[in-house]
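What follows is a short report on a single structure.
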Amino acid sequence: SMIYMQEYSKSRNKPNSFIRKETAFKFLNQFLGRLNLETINRAHLHKYVQWRKSAGLSEATVNREIAVIKHLLNYAVDCGVLKANPVEKFKLLKEERRERPRVSYVNINRVIDAVRPDCRPLYIFLRETGCRREEALSLQYWQVHETSNMVVFTENTKSRKYRYVGLTQAAIEAVHTLRAVKDCPYVFYNIKTNDRWHDCRKPWVQAR
């Protein structure tokens, strides 16, 4: 697992994905770490699933951990360590899908109105564009094309591809709410540090 994380995941996965895999391996290594790769089979994974489910984990969480070990074994095949992945056909758990109540637009606006002023433009921009928070936090001025009312997201996108999103008037106003700061290329930034926010979750939680 150490070789897989250093040689594959560190260079190919986003930071959040890398951290999730590290967490998964804490439990995978605890249960399967003493086995040689070629001896791991589907029976081992069935027992692993029982062990993790007995700890109260959801099907989705267990599936993510199983996906990690399956991918590690695929990587071992690519590297010539294994001839075939012995658990390639192991079926993931059926995940229960639950409908969550939708928050009304009125209530979203009430929370945004309660967010402290220096963070409010970020959440207005999120509301207007539907982008992911990390996309907005890493947004730089050159990505905003006001002449065409578009913004281009180039990094931190889920598909890792360029994505163009239309801008409403409210989104454009949010972009210009905070004045540009020298040596800070970010549209939304922490006014205490004049640098980008790490996650800016706390102001939203407090407002909510």
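Starting from 1 in every chain, residues are counted up; chains themselves are A, B, ... following the order of the structure tokens, and ligands are numbered from 1 as listed.
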
Spatial neighbours of Arg208 (chain A), max dist 7 Å, only C-alpha atoms, sep filter under 3 positions, as JSON, numbers by chain: {"A": [111, 204, 205]}

As a count of residues only, which residues of region 98-190 of chain A does DSSP assign to helix (DSSP H, G or I)? 38

Just want the 12 Å neighbourhood of Thr177 (chain A), counted on only C-alpha atoms, with same-chain residues fewer than 2 positions away dropped. Output as a PyMOL selection string. chain A and resi 117-122+124-125+170-175+179-180+187-189

Excluding region 16-19 of chain A and its own-chain neighbours fewer than 2 positions away, which residues fall within 12 Å of it when counting only C-alpha atoms? Please give them as a list of chain:residue names. A:Tyr4, A:Met5, A:Gln6, A:Glu7, A:Tyr8, A:Ser9, A:Lys10, A:Ser11, A:Arg12, A:Asn13, A:Lys14, A:Lys21, A:Glu22, A:Thr23, A:Ala24, A:Phe25, A:Lys26, A:Arg64, A:Glu65, A:Val68, A:Glu134, A:Asn156, A:Lys158

Using only C-alpha atoms, the best pick from A:Ser1, A:Pro15, A:Val77, A:Arg20 as closest to Leu32 (chain A) would be A:Ser1

Please identify all polymer residues within 10 Å of Lys91 (chain A), counting only C-alpha atoms, omitting same-chain residues fewer than 3 positions from it, and present them as a count of residues only. 8

May I have the residues within 9 Å of Asn194 (chain A) as a PyMOL selection string, using only C-alpha atoms and disregarding those fewer than 3 positions away in the same chain? chain A and resi 181-184+189-191

If you run DSSP on the backbone here, which positions in region 92-167 of chain A get strand (DSSP E or B)? Please write them as a VMD selection string. chain A and resid 140 144 to 145 150 to 153 163 to 166

Record the distance separating CA of Lys161 (chain A) and CA of Glu95 (chain A), expressed in Å with one decimal.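 Between CA of Lys161 (chain A) and CA of Glu95 (chain A) the gap works out to 28.4 Å.
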